[in-house]
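> Input file: final_6.txt. Contents: compact mmCIF, C-alpha atoms.
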# COMPACT_ATOMS: atom_id res chain seq x y z
CA MET R 373 0.00 0.00 0.00
CA PHE R 374 2.73 2.48 0.95
CA LYS R 375 5.96 2.98 -0.93
CA PRO R 376 9.12 3.32 1.15
CA GLY R 377 9.85 6.79 2.42
CA VAL R 378 8.68 9.27 5.02
CA THR R 379 8.72 13.05 4.80
CA VAL R 380 8.08 15.28 7.77
CA TRP R 381 7.12 18.89 6.95
CA TYR R 382 7.50 21.94 9.11
CA SER R 383 6.44 25.53 8.68
CA VAL R 384 9.38 27.80 9.50
CA LYS R 385 9.95 31.53 9.84
CA SER R 386 13.35 31.71 8.16
CA LEU R 387 14.57 29.17 5.68
CA ASP R 388 18.16 30.41 6.04
CA GLN R 389 18.18 29.86 9.80
CA THR R 390 16.50 26.49 9.38
CA ILE R 391 18.97 25.28 6.77
CA ASP R 392 21.84 26.47 8.91
CA PHE R 393 20.47 24.48 11.84
CA TYR R 394 19.70 21.22 10.03
CA LYS R 395 22.81 21.31 7.84
CA GLU R 396 25.49 22.82 10.06
CA LYS R 397 24.34 21.72 13.50
CA LEU R 398 22.67 18.39 12.78
CA GLY R 399 24.82 17.53 9.78
CA PHE R 400 22.05 16.71 7.31
CA GLU R 401 22.38 17.20 3.58
CA VAL R 402 20.24 19.78 1.78
CA ASN R 403 18.69 18.09 -1.25
CA PHE R 404 16.36 20.90 -2.31
CA HIS R 405 16.36 24.64 -1.71
CA ASP R 406 14.23 27.16 -3.56
CA PRO R 407 14.42 30.66 -2.06
CA ASP R 408 11.73 31.93 -4.46
CA THR R 409 9.08 29.61 -3.06
CA GLY R 410 10.62 29.54 0.41
CA MET R 411 10.89 25.77 0.45
CA ALA R 412 13.69 23.32 1.21
CA MET R 413 14.27 19.69 2.10
CA VAL R 414 17.06 17.84 3.84
CA ASN R 415 17.98 14.18 3.76
CA THR R 416 18.29 12.64 7.18
CA ASN R 417 20.85 9.90 7.66
CA THR R 418 18.06 7.36 7.05
CA LYS R 419 17.32 6.53 3.41
CA ASP R 420 14.08 8.04 2.09
CA CYS R 421 13.43 9.83 5.37
CA ILE R 422 13.31 13.51 4.52
CA ILE R 423 12.44 16.69 6.37
CA GLY R 424 10.77 19.45 4.38
CA PHE R 425 10.44 23.11 5.27
CA SER R 426 8.15 25.81 4.01
CA GLU R 427 8.42 29.41 5.11
CA ALA R 428 5.26 30.81 6.64
CA GLU R 429 4.18 34.14 8.05
CA GLU R 430 2.88 32.48 11.20
CA VAL R 431 4.46 29.41 12.76
CA VAL R 432 3.14 27.32 15.61
CA PRO R 433 5.91 25.19 17.11
CA SER R 434 5.15 21.50 16.81
CA THR R 435 5.25 19.51 20.01
CA SER R 436 5.03 16.26 18.08
CA SER R 437 8.63 15.14 18.00
CA THR R 438 10.60 13.83 15.11
CA VAL R 439 12.86 11.31 16.80
CA PHE R 440 16.40 10.54 15.68
CA GLU R 441 17.94 7.29 16.81
CA VAL R 442 21.49 7.52 18.21
CA TYR R 443 24.02 5.02 19.52
CA ASP R 444 25.18 7.15 22.48
CA ILE R 445 22.74 9.78 23.67
CA VAL R 446 25.14 11.34 26.18
CA HIS R 447 27.85 11.86 23.61
CA THR R 448 25.44 13.09 20.91
CA ARG R 449 23.77 15.54 23.26
CA GLU R 450 27.13 16.95 24.34
CA LEU R 451 28.21 17.33 20.73
CA LEU R 452 25.01 19.12 19.73
CA GLU R 453 25.11 21.37 22.78
CA GLN R 454 28.65 22.37 21.86
CA ARG R 455 27.25 23.40 18.48
CA GLY R 456 24.65 25.58 20.17
CA VAL R 457 21.65 23.29 19.98
CA ARG R 458 19.18 23.99 22.77
CA PHE R 459 17.83 21.02 24.71
CA ILE R 460 14.72 21.08 26.85
CA GLY R 461 15.08 19.40 30.25
CA ASP R 462 17.19 16.47 31.22
CA THR R 463 17.64 13.26 29.32
CA GLU R 464 14.78 11.01 30.37
CA THR R 465 14.48 7.25 30.46
CA VAL R 466 11.46 5.19 29.52
CA PRO R 467 12.16 1.95 31.44
CA GLY R 468 12.72 -1.03 29.20
CA MET R 469 12.52 1.11 26.11
CA ALA R 470 14.81 4.11 25.50
CA LYS R 471 16.62 7.19 26.75
CA LEU R 472 15.17 10.36 25.29
CA ALA R 473 16.46 13.94 25.00
CA THR R 474 14.31 16.70 23.55
CA PHE R 475 15.79 19.63 21.65
CA VAL R 476 14.32 22.36 19.47
CA ASP R 477 15.03 23.85 16.07
CA PRO R 478 15.08 27.65 15.47
CA ASP R 479 11.25 27.77 15.35
CA GLY R 480 10.81 25.76 18.52
CA HIS R 481 9.70 22.58 16.76
CA ASN R 482 10.39 19.67 19.07
CA LEU R 483 12.98 17.14 17.94
CA MET R 484 14.29 14.24 19.95
CA LEU R 485 17.25 11.93 20.34
CA SER R 486 16.54 8.36 21.28
CA GLU R 487 18.98 5.69 22.43
CA GLU R 488 17.45 2.28 22.59
CA LEU R 489 18.13 0.53 25.89
CA GLU R 490 20.18 -2.61 25.59
CA SER R 491 17.55 -4.69 27.31
CA ALA R 492 14.79 -3.40 25.03
CA MET N 277 -1.38 41.91 -5.05
CA LEU N 278 -4.73 40.45 -6.10
CA LEU N 279 -3.11 39.13 -9.25
CA GLU N 280 -0.20 37.55 -7.40
CA VAL N 281 -1.97 35.66 -4.62
CA GLU N 282 -2.78 32.55 -6.66
CA PRO N 283 0.44 32.35 -8.73
CA SER N 284 2.36 32.47 -5.44
CA GLY N 285 0.38 29.56 -4.07
CA GLY N 286 -1.17 31.86 -1.47
CA ARG N 287 2.01 31.69 0.59
CA PHE N 288 3.77 34.63 2.19
CA THR N 289 7.36 34.09 1.03
CA PRO N 290 6.67 33.51 -2.69
CA LEU N 291 4.26 36.43 -2.61
CA GLN N 292 6.91 38.67 -1.09
CA ASN N 293 9.46 37.53 -3.66
CA ARG N 294 7.09 38.18 -6.54
CA LEU N 295 6.07 41.61 -5.25
CA GLN N 296 9.54 42.63 -4.02
CA ILE N 297 8.19 44.45 -0.97
CA THR N 298 9.21 44.30 2.68
CA PRO N 299 7.66 41.62 4.91
CA ALA N 300 6.14 44.30 7.15
CA ARG N 301 4.44 46.04 4.24
CA LEU N 302 3.20 42.78 2.79
CA SER N 303 1.89 41.72 6.18
CA ASP N 304 0.08 45.01 6.59
CA ASN N 305 -1.44 44.83 3.10
CA LEU N 306 -2.59 41.25 3.61
CA LYS N 307 -4.16 42.19 6.91
CA ARG N 308 -6.04 45.08 5.34
CA MET N 309 -7.20 42.93 2.43
CA ALA N 310 -8.46 40.33 4.89
CA GLU N 311 -10.27 43.05 6.86
CA HIS N 312 -11.98 44.15 3.65
CA GLY N 313 -13.09 40.62 2.92
CA LEU N 314 -10.84 40.02 -0.09
CA LEU N 315 -8.71 37.32 1.51
CA ARG N 316 -9.09 34.64 4.12
CA HIS N 317 -6.10 34.02 6.35
CA LEU N 318 -5.78 30.36 7.22
CA SER N 319 -4.40 29.74 10.67
CA PRO N 320 -1.50 27.29 11.05
CA LEU N 321 -3.96 24.79 12.52
CA GLU N 322 -6.24 25.03 9.47
CA ARG N 323 -3.42 24.30 7.03
CA ARG N 324 -2.99 20.59 6.40
CA HIS N 325 0.50 20.96 4.98
CA PRO N 326 3.14 23.70 5.27
CA ALA N 327 3.24 24.02 1.48
CA LEU N 328 -0.49 24.78 1.23
CA PRO N 329 -1.84 28.38 1.03
CA GLU N 330 -1.75 30.72 3.98
CA TYR N 331 -4.11 33.08 2.19
CA VAL N 332 -6.97 32.35 -0.21
CA LEU N 333 -9.06 34.82 -2.18
CA THR N 334 -12.68 35.11 -1.10
CA GLU N 335 -15.53 35.39 -3.62
CA LYS N 336 -15.19 39.17 -3.40
CA GLY N 337 -11.44 38.87 -3.83
CA LEU N 338 -11.86 36.68 -6.92
CA LEU N 339 -14.22 39.22 -8.43
CA LEU N 340 -11.75 42.05 -7.85
CA ARG N 341 -8.92 39.83 -9.10
CA ASP N 342 -10.81 39.48 -12.40
CA ALA N 343 -11.32 43.24 -12.49
CA ALA N 344 -7.59 43.71 -11.88
CA LYS N 345 -6.87 41.35 -14.78
CA ALA N 346 -9.10 43.44 -17.04
CA VAL N 347 -7.28 46.60 -15.93
CA GLN N 348 -3.88 45.01 -16.49
CA SER N 349 -4.90 43.86 -19.95
CA ALA N 350 -6.20 47.32 -20.88
CA GLU N 351 -3.02 48.95 -19.61
CA GLY N 352 -1.00 46.62 -21.79
CA MET N 353 -3.02 47.50 -24.87
CA LEU N 354 -2.92 51.22 -24.11
CA GLY N 355 0.85 51.14 -23.74
CA TYR N 356 1.19 53.99 -21.24
CA GLY N 357 2.40 51.89 -18.31
CA ARG N 358 0.51 51.37 -15.07
CA LEU N 359 -2.10 54.08 -15.36
CA SER N 360 -4.00 52.52 -12.46
CA ALA N 361 -1.12 53.41 -10.12
CA LYS N 362 -2.53 56.94 -10.04
CA ALA N 363 -6.01 57.55 -8.70
CA TRP N 364 -8.76 58.44 -11.16
CA ASN N 365 -6.85 57.65 -14.36
CA LEU N 366 -8.92 54.65 -15.34
CA PRO N 367 -12.28 55.95 -14.08
CA LEU N 368 -11.54 59.06 -16.12
CA LEU N 369 -10.87 57.08 -19.29
CA LEU N 370 -14.06 55.11 -18.68
CA ALA N 371 -16.01 58.33 -18.21
CA LEU N 372 -14.74 59.53 -21.59
CA HIS N 373 -15.71 56.18 -23.10
CA TYR N 374 -19.25 56.74 -21.79
CA GLU N 375 -19.24 60.12 -23.58
CA HIS N 376 -18.84 62.43 -20.65
CA THR N 377 -16.73 64.91 -22.57
CA ARG N 378 -17.01 68.25 -20.78
CA PHE N 379 -15.13 68.98 -17.59
CA GLN N 380 -18.20 69.34 -15.40
CA ASP N 381 -19.83 66.25 -16.95
CA ILE N 382 -16.73 64.20 -16.22
CA ARG N 383 -16.52 65.57 -12.72
CA PHE N 384 -20.15 64.74 -12.08
CA ALA N 385 -19.70 61.23 -13.54
CA LEU N 386 -16.72 60.54 -11.29
CA GLY N 387 -18.44 61.79 -8.17
CA GLN N 388 -15.77 62.46 -5.61
CA VAL N 389 -12.89 63.78 -7.68
CA THR N 390 -11.77 67.33 -6.90
CA PRO N 391 -11.58 69.86 -9.78
CA ARG N 392 -7.85 70.22 -9.22
CA MET N 393 -7.25 66.47 -9.33
CA LEU N 394 -9.41 66.07 -12.42
CA SER N 395 -7.67 68.92 -14.19
CA GLY N 396 -4.27 67.44 -13.36
CA ARG N 397 -5.21 63.99 -14.59
CA LEU N 398 -6.71 65.33 -17.81
CA ASP N 399 -3.51 67.29 -18.49
CA GLU N 400 -1.35 64.22 -17.85
CA LEU N 401 -3.45 61.93 -20.03
CA GLN N 402 -3.45 64.54 -22.78
CA LEU N 403 0.32 64.91 -22.49
CA ILE N 404 0.96 61.20 -22.99
CA GLY N 405 -1.47 61.09 -25.90
CA ALA N 406 -4.25 59.02 -24.36
CA VAL N 407 -6.74 61.90 -24.46
CA ASP N 408 -7.41 64.67 -26.99
CA LYS N 409 -8.56 68.13 -25.97
CA SER N 410 -10.41 70.44 -28.32
CA ILE N 411 -12.90 73.28 -28.30
CA ALA N 412 -16.57 72.71 -28.99
CA GLU N 413 -18.47 75.75 -30.17
CA LEU N 414 -21.99 74.57 -29.36
CA PRO N 415 -24.09 74.94 -27.33
CA ARG N 416 -21.47 77.33 -25.95
CA PRO N 417 -17.73 77.36 -26.47
CA ALA N 418 -16.03 74.96 -24.07
CA TYR N 419 -13.19 72.47 -23.94
CA ILE N 420 -14.15 68.92 -24.61
CA TYR N 421 -12.10 65.83 -23.89
CA LEU N 422 -12.17 62.70 -26.02
CA LEU N 423 -10.33 59.44 -25.99
CA HIS N 424 -7.55 59.42 -28.55
CA GLN N 425 -8.35 57.17 -31.48
CA ASP N 426 -5.82 54.54 -30.32
CA SER N 427 -7.17 54.58 -26.78
CA LYS N 428 -10.73 53.81 -27.77
CA PRO N 429 -10.48 50.02 -28.41
CA PRO N 430 -8.65 49.18 -25.14
CA VAL N 431 -10.97 51.36 -23.05
CA ARG N 432 -14.02 49.92 -24.83
CA ARG N 433 -12.73 46.45 -24.03
CA LEU N 434 -12.08 47.42 -20.39
CA ALA N 435 -15.61 48.79 -20.05
CA ALA N 436 -17.05 45.59 -21.50
CA ASP N 437 -14.90 43.37 -19.29
CA LEU N 438 -15.82 45.26 -16.13
CA SER N 439 -19.51 45.31 -17.07
CA SER N 440 -19.44 41.56 -17.55
CA LEU N 441 -18.30 41.16 -13.94
CA LEU N 442 -21.27 43.02 -12.51
Any chance you could give the structure as C-alpha cells?


Amino acid sequence: MFKPGVTVWYSVKSLDQTIDFYKEKLGFEVNFHDPDTGMAMVNTNTKDCIIGFSEAEEVVPSTSSTVFEVYDIVHTRELLEQRGVRFIGDTETVPGMAKLATFVDPDGHNLMLSEELESA
Amino acid sequence: MLLEVEPSGGRFTPLQNRLQITPARLSDNLKRMAEHGLLRHLSPLERRHPALPEYVLTEKGLLLRDAAKAVQSAEGMLGYGRLSAKAWNLPLLLALHYEHTRFQDIRFALGQVTPRMLSGRLDELQLIGAVDKSIAELPRPAYIYLLHQDSKPPVRRLAADLSSLL
C-alpha cells in the first residue's frame, strides 16, 4: 500500500536559519532549496526519510517530536550542545525502552534523540 | 497583489518575492485585504501541509482579481504603463468612453474627484497622448475631452470586461 519513504514537513519563519540548523548543526544534507518559493528539504541519515520546510508568516511550534535514533545519547547531546543546539530538560528514560532527549530547532519545533536501551 | 496571490500559491514568502516588498508592508497589506473581505487568512492549525496556502481569495477577492486582470490587460493595450497606479486615471478614461466629454460632466460622472485632481489627470493623459482636448463651439464654447483614437479600443474592451463582472 505504501511505498518506502517518510517526509516530515515543518512551517518555518526563516529558511536560512533552518537550513543552517539542520545542515550545520545536525549535519544533514540539503537536497532541495528554492528561495523563491521559500521551500527546502534535507535528507536525514536514514534513506528516504526527509524533512521538508516551508516558510510561513505564522508558525506554531510543533510539540510532536521527530525522533532521531542515536548510539550514544550522552555523547550526541554533548556534541550538539557544543554546536549551540538547545535542549529542553534532562535526558529522560522510559524503562525497558529508550533514553530520550528533547531539543528544538530555530522555530521551537520539538525534535528528539533516542537511544534504545540494551535490554529493550 | 490580487493578481499575485494565486500564482504564489497563497504563501507569504513567494508572494513577497514576486512583489519585491518588505515583509512588514506585505503583512500590513494582507491584513487590510483580509479586513476588507478580499482574503481569508488560514491559521497554522487550518493548514494541512506547510506548502499549502496561507491566504486564499474570497468570492469578493476573486471578483476584484478578475477586475484587476481586465485593468492590467487594458493597460498593456494602451501602452502607457501602469495608469491605475494613479487615482482616477482609469475611471476618467471610462467616463470619456461613456461620452462624458465636458469637464463638469466628467466631474459629475466621477463623483468624488476634486476639480484640481481632475484637471491634473486630464492634463497628464493629454500629455501622454491618451486623451485629446479640443474646443466645442456649441451649445457654448467649451473644452471637450475625447479618448484618442488609439485609446478607444482598449478602453471599450475594459468597459465591456468590467460590465461583464457586474

> So that I can see what lies close to stretch 391-398 of chain N, please list as a JSON list (two decimals) with C-alpha atoms, keeping the file's coordinate frame the residues with an atom at most 8 Å from it, counting all atoms listed in the file and leaving out residues fewer than 2 positions away in the same chain.


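File written: part_22.json
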[["chain", "number", "residue", "atom", "x", "y", "z"],
["N", 364, "TRP", "CA", -8.76, 58.44, -11.16],
["N", 365, "ASN", "CA", -6.85, 57.65, -14.36],
["N", 383, "ARG", "CA", -16.52, 65.57, -12.72],
["N", 389, "VAL", "CA", -12.89, 63.78, -7.68],
["N", 400, "GLU", "CA", -1.35, 64.22, -17.85],
["N", 401, "LEU", "CA", -3.45, 61.93, -20.03],
["N", 402, "GLN", "CA", -3.45, 64.54, -22.78],
["N", 407, "VAL", "CA", -6.74, 61.90, -24.46]]

> Can you work out which residues from chain N touch chain R at a cut-off of 7 Å (counting all atoms listed in the file) and hand them back as a tab-separated table (two decimals) with C-alpha atoms, keeping the file's coordinate frame?


chain	number	residue	atom	x	y	z
N	287	ARG	CA	2.01	31.69	0.59
N	288	PHE	CA	3.77	34.63	2.19
N	289	THR	CA	7.36	34.09	1.03
N	290	PRO	CA	6.67	33.51	-2.69
N	293	ASN	CA	9.46	37.53	-3.66
N	320	PRO	CA	-1.50	27.29	11.05
N	326	PRO	CA	3.14	23.70	5.27
N	327	ALA	CA	3.24	24.02	1.48

> So that I can check the surroundings of stretch 341-349 of chain N, please list as a PyMOL selection string every protein, DNA and RNA residue that reaches within 7 Å of it, counting only C-alpha atoms and ignoring chain neighbours fewer than 4 positions away.

chain N and resi 278-279+337+353+434+437-438

> Restrict the selected residues to C-alpha atoms and save them as a JSON list (two decimals), in the frame of the given file.


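Saved to result37.json:
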[["chain", "number", "residue", "atom", "x", "y", "z"],
["N", 278, "LEU", "CA", -4.73, 40.45, -6.10],
["N", 279, "LEU", "CA", -3.11, 39.13, -9.25],
["N", 337, "GLY", "CA", -11.44, 38.87, -3.83],
["N", 353, "MET", "CA", -3.02, 47.50, -24.87],
["N", 434, "LEU", "CA", -12.08, 47.42, -20.39],
["N", 437, "ASP", "CA", -14.90, 43.37, -19.29],
["N", 438, "LEU", "CA", -15.82, 45.26, -16.13]]

> Give the answer as one residue: which of R:Gly461, R:Asn482, R:Gly456, R:Thr448 has the shortest atom-to-atom distance to R:Phe393, using only C-alpha atoms?

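Checking each of R:Gly461, R:Asn482, R:Gly456, R:Thr448 against R:Phe393, counting only C-alpha atoms, the winner is R:Gly456.
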
> How many Å separate atom CA of R:Ser486 from atom CA of R:Phe374?

25.3 Å

> One number please: atom CA of N:Ala350 to atom CA of N:Leu314, in Å, one decimal.

22.5 Å
